[in-house]
Amino acid sequence: MLDLKRVRENPDLVKKAVAEKNEKADIDAVCALDDERKRIIAEVETLKAERNKGSKEIGQAKREGKNTDTIQARMKENADRIKELDLRQTNVEKELRGHLLAIPNMPHESAPQGASAAGNVVVRTSGEVTQLPFEAKNHVELSETLDILDFKRGAKIAGSGFVVYKGAGALLERALINYFLDTNTAAGYTEIFPPFMVTPDCAEGTGQLPKSRDQMYYVNEDDLFLIPTAEVPVTNIYRDEVLNGKDLPINMTAYSACFRREAGSWGKDTRGFLRVHEFNKVEMVKFTEPEKSYEEHEKLVVNAEALLTGLGLPYRVLLLCRGDMSFAAAKCYDLEVYAQGEKRWLEVSSCSNFEDFQARRANIRYRNKEGKVQFVHTLNGSGLATARIIVAILENYQNEDGSITVPQVLRPYMHGMEKISK
């Protein structure tokens with residue numbers, strides 16, 4: 001959430017940022033509601049001053065033996081008006097907050113202009129995309145032949161967009177999760193194992209609500225949401241808390257299953273593992289001082305890259321343009337791997353700096369060296385999501401006989417297995 005003062009002082013700049021992010025928010029309504037809130041507060045303060053004056057008048061009149069009916073009637077009107085205004089102020093502030101929650105984060109000045117993914121900038125690439133000396137199969141064909149992923153039975157159990165991992169497929173999934181966690185913790189991240197369900201306040205704090213409610217699975221009886229990423233519960237660990245500045249930066253990594261309805265995405269990358277409703281992901285989350293958050297952002301990207309380098313997958317780093325960034329991000333890098341069977345790049349990680357956008361929504365603050373309490377900056381990055389990594393491993397490490405060479409770094413996690421064969 002943006003600082004209200006920032007919105008009031010720069011309404012045209014905020015409107016421009018909203019348009020650049022392809023979002024909709026009523027900045028004029030924010031300003032009008034804030035003006036009304038201020039008018040109500042001023043009137044209540046005047047009425048309370050009159051009430052204090054009237055109380056003294058009543059006391060003086062009683063001491064002099066005078067009738068106080070007129071003054072008391074006036075004080076009754078005064079009290080009724082204050083009550084009416086208090087209720088109105090509550091409603092105005094609720095409506096104002098609703099409008100503020102609809103405003104996306106302001107893009108950082110270094111975020112490139114652009115209305116869509118076409119405006120993203122390739123920052124660097126690693127590894128060469130070389131064509132296989134035979135016709136590459138896609139991950140669906142390979143997994144069916146090897147009997148390691150069962151999309152048909154996954155759909156029978158839970159509907160389309162779910163999968164059953166079998167044998168070496170299940171082992172590969174577990175190996176990736178453990179490799180990601182071990183590498184991240186070795187890089188200085190504290191491992192967290194969070195709940196996979198959160199309250200509405202948590203989802204609002206990280207920016208999923210109200211913006212992306214239709215993409216989340218909701219348990220009505222308990223008023224809980226299944227998490228779309230571990231970012232949500234991990235970031236909310238410190239909701240409504242004041243951290244010690246000496247402890248920053250705080251780096252955390254967490255595995256979780258992730259649940260996304262993917263409403264409105266039918267027909268778009270829905271084959272196999274490219275877009276599923278449940279997948280596994282290891283997340284990295286940082287809490288930092290504002291003046292160090294962009295330095296930490298670059299470190300976050302390097303940590304995510306190290307995982308891809310270890311797997312030996314060709315990848316590239318993209319700096320997202322303003323029109324392709326998420327609602328909450330001020331700046332974002334995407335990491336993409338090349339998949340031989342798909343013959344294209346697949347996003348496997350987004351590394352975002354939210355500045356104080358999430359911290360304001362979740363009320364996460366810290367006390368600096370001078371003792372001043374202010375909002376932290378939060379960052380997060382996928383480190384990594386497993387589904388598309390499995391796609392890339394199957395397709396890039398496939399052999400002509402249909403077997404899959406296991407990346408060297410994963411073999412200790414797979415009981416020394418060197419190949420996945422039929």
# chains A, B, ... in the order shown; residues from 1 in each chain; ligands from 1
$ select_by_dssp --residues "region 100-270 of chain A" --states "strand (DSSP E or B)" --output "VMD selection string"
chain A and resid 121 to 126 149 to 150 164 to 165 190 to 192 197 to 198 218 to 219 224 to 226 242 to 244 250 to 259
$ residues_around --residues "Ala362 (chain A)" --least-positions-apart "6" --cutoff "10 Å" --atoms "only C-alpha atoms" --output "PyMOL selection string"
chain A and resi 1+201-207+235-241+356+375
$ write_last_selection --atoms "N, CA and C atoms" --output "CSV table (one decimal), in the first residue's frame"
chain,number,residue,atom,x,y,z
A,1,MET,N,0.8,-1.2,0.0
A,1,MET,CA,0.0,0.0,0.0
A,1,MET,C,0.9,1.2,0.0
A,201,ASP,N,-6.2,-11.5,6.4
A,201,ASP,CA,-5.3,-10.4,6.7
A,201,ASP,C,-3.9,-10.6,6.1
A,202,CYS,N,-3.4,-11.9,6.2
A,202,CYS,CA,-2.1,-12.2,5.6
A,202,CYS,C,-2.1,-12.0,4.1
A,203,ALA,N,-3.1,-12.5,3.4
A,203,ALA,CA,-3.2,-12.4,2.0
A,203,ALA,C,-3.3,-10.9,1.6
A,204,GLU,N,-3.9,-10.1,2.4
A,204,GLU,CA,-4.0,-8.7,2.1
A,204,GLU,C,-2.7,-8.0,2.3
A,205,GLY,N,-2.0,-8.5,3.3
A,205,GLY,CA,-0.7,-7.9,3.7
A,205,GLY,C,0.4,-8.0,2.6
A,206,THR,N,0.4,-9.1,1.8
A,206,THR,CA,1.4,-9.3,0.8
A,206,THR,C,0.8,-8.9,-0.6
A,207,GLY,N,-0.4,-8.5,-0.7
A,207,GLY,CA,-1.0,-7.9,-1.9
A,207,GLY,C,-1.8,-8.8,-2.7
A,235,THR,N,6.3,-13.9,4.8
A,235,THR,CA,6.4,-12.4,5.0
A,235,THR,C,5.5,-12.0,6.2
A,236,ASN,N,4.4,-12.7,6.4
A,236,ASN,CA,3.5,-12.4,7.5
A,236,ASN,C,4.0,-12.9,8.9
A,237,ILE,N,5.1,-13.6,8.9
A,237,ILE,CA,5.7,-14.0,10.2
A,237,ILE,C,5.9,-12.7,11.1
A,238,TYR,N,6.2,-11.6,10.5
A,238,TYR,CA,6.5,-10.4,11.3
A,238,TYR,C,5.4,-9.4,11.2
A,239,ARG,N,4.2,-9.8,10.7
A,239,ARG,CA,3.1,-8.8,10.6
A,239,ARG,C,2.8,-8.2,12.0
A,240,ASP,N,2.6,-6.9,12.0
A,240,ASP,CA,2.3,-6.1,13.3
A,240,ASP,C,3.4,-6.2,14.3
A,241,GLU,N,4.7,-6.3,13.8
A,241,GLU,CA,5.8,-6.4,14.7
A,241,GLU,C,6.8,-5.3,14.4
A,356,ASP,N,8.5,-0.6,0.6
A,356,ASP,CA,7.7,-0.7,1.8
A,356,ASP,C,6.2,-1.0,1.5
A,375,PHE,N,9.0,1.7,8.4
A,375,PHE,CA,8.7,0.4,7.7
A,375,PHE,C,9.9,-0.2,7.0
$ residues_around --residues "Asn220 (chain A)" --least-positions-apart "5" --cutoff "12 Å" --atoms "only C-alpha atoms" --output "compact mmCIF listing (two decimals) with N, CA and C atoms, in the first residue's frame"
# COMPACT_ATOMS: atom_id res chain seq x y z
N THR A 199 -4.78 -16.48 6.83
CA THR A 199 -5.98 -15.66 7.05
C THR A 199 -6.08 -14.59 5.97
N PRO A 200 -7.25 -14.00 5.79
CA PRO A 200 -7.40 -12.91 4.82
C PRO A 200 -6.44 -11.75 5.10
N PHE A 225 -7.35 -19.04 3.27
CA PHE A 225 -6.95 -19.20 1.87
C PHE A 225 -5.78 -20.17 1.77
N LEU A 226 -5.80 -21.05 0.76
CA LEU A 226 -4.63 -21.86 0.45
C LEU A 226 -3.60 -20.93 -0.20
$ closest_residue --among "A:Val92, A:Asn52, A:Arg361, A:Glu221" --to "Asn78 (chain A)" --atoms "only C-alpha atoms"
A:Asn52
$ residues_around --residues "Ser160 (chain A)" --least-positions-apart "3" --cutoff "10 Å" --atoms "only C-alpha atoms" --output "list in words"
Phe151, Lys152, Arg153, Gly154, Ala155, Lys156, Ile157, Val163, Thr270, Gly272, Val276 and His277 of chain A
$ atom_distance --atom1 "CA of Gly167 (chain A)" --atom2 "CA of Glu283 (chain A)"
25.3 Å
$ atom_distance --atom1 "CA of Met417 (chain A)" --atom2 "CA of Ala339 (chain A)"
22.2 Å
$ residues_around --residues "region 105-118 of chain A" --least-positions-apart "3" --cutoff "8 Å" --atoms "only C-alpha atoms" --output "ChimeraX atom specification"
/A:1-2,14,17-18,20-22,121,319-324,327-332,354,357
$ select_by_dssp --residues "region 177-410 of chain A" --states "helix (DSSP H, G or I)" --output "number ranges by chain"
A: 177-186, 200-206, 213-215, 220-222, 231-238, 245-247, 290-311, 322-324, 357-362, 386-396, 408-410
$ closest_residue --among "A:Ile404, A:Met414, A:Leu100, A:Val409" --to "Thr145 (chain A)" --atoms "only C-alpha atoms"
A:Ile404
$ residues_around --residues "Gln374 (chain A)" --least-positions-apart "3" --cutoff "12 Å" --atoms "only C-alpha atoms" --output "list in words"
Glu241, Val242, Leu243, Asn244, Gly245, Thr288, Glu289, Pro290, Asp356, Ala359, Arg360, Asn363, Ile364, Arg365, Tyr366, Arg367, Asn368, Lys369, Glu370, Gly371 and His377 of chain A
$ residues_around --residues "Glu347 (chain A)" --least-positions-apart "4" --cutoff "8 Å" --atoms "only C-alpha atoms" --output "list in words"
Asp334, Leu335, Glu336, Val337 and Arg388 of chain A
$ write_last_selection --atoms "N, CA and C atoms" --output "short mmCIF file (atom, residue, chain, number, x, y, z; two decimals), in the first residue's frame"
data_model
loop_
_atom_site.label_atom_id
_atom_site.label_comp_id
_atom_site.auth_asym_id
_atom_site.auth_seq_id
_atom_site.Cartn_x
_atom_site.Cartn_y
_atom_site.Cartn_z
N ASP A 334 12.96 -11.49 -13.87
CA ASP A 334 12.51 -12.86 -14.12
C ASP A 334 13.69 -13.69 -14.58
N LEU A 335 13.76 -14.93 -14.13
CA LEU A 335 14.75 -15.89 -14.63
C LEU A 335 14.02 -16.90 -15.49
N GLU A 336 14.52 -17.13 -16.68
CA GLU A 336 13.91 -18.08 -17.60
C GLU A 336 14.92 -19.13 -18.03
N VAL A 337 14.47 -20.37 -18.16
CA VAL A 337 15.32 -21.44 -18.67
C VAL A 337 14.81 -21.84 -20.06
N ARG A 388 8.40 -26.23 -13.76
CA ARG A 388 9.05 -25.91 -15.04
C ARG A 388 10.53 -26.29 -15.04
#
$ atom_distance --atom1 "CA of Leu308 (chain A)" --atom2 "CA of Gln340 (chain A)"
15.8 Å
$ decode --residues "region 273-304 of chain A" --atoms "C-alpha atoms" --output "compact mmCIF listing (two decimals), in the first residue's frame"
# COMPACT_ATOMS: atom_id res chain seq x y z
CA PHE A 273 3.48 -29.03 -16.28
CA LEU A 274 3.43 -25.60 -17.90
CA ARG A 275 0.41 -24.35 -15.94
CA VAL A 276 -0.97 -26.37 -13.03
CA HIS A 277 -3.19 -25.65 -10.03
CA GLU A 278 -0.85 -27.23 -7.48
CA PHE A 279 2.93 -27.20 -7.64
CA ASN A 280 5.94 -27.14 -5.34
CA LYS A 281 8.24 -24.20 -4.84
CA VAL A 282 11.06 -23.04 -2.61
CA GLU A 283 10.87 -19.35 -1.82
CA MET A 284 13.41 -16.78 -0.63
CA VAL A 285 12.23 -13.78 1.43
CA LYS A 286 14.22 -10.80 2.68
CA PHE A 287 13.48 -8.05 5.22
CA THR A 288 15.90 -5.15 4.79
CA GLU A 289 16.62 -1.53 5.64
CA PRO A 290 15.28 0.78 2.89
CA GLU A 291 18.70 2.14 1.93
CA LYS A 292 20.04 -1.39 1.35
CA SER A 293 17.07 -3.04 -0.34
CA TYR A 294 18.27 -2.67 -3.93
CA GLU A 295 21.68 -4.06 -3.02
CA GLU A 296 19.89 -7.01 -1.41
CA HIS A 297 17.70 -7.32 -4.51
CA GLU A 298 20.74 -7.96 -6.69
CA LYS A 299 22.01 -10.54 -4.17
CA LEU A 300 18.63 -12.28 -4.30
CA VAL A 301 18.87 -12.65 -8.08
CA VAL A 302 22.42 -14.04 -7.77
CA ASN A 303 21.17 -16.62 -5.23
CA ALA A 304 18.44 -17.75 -7.65
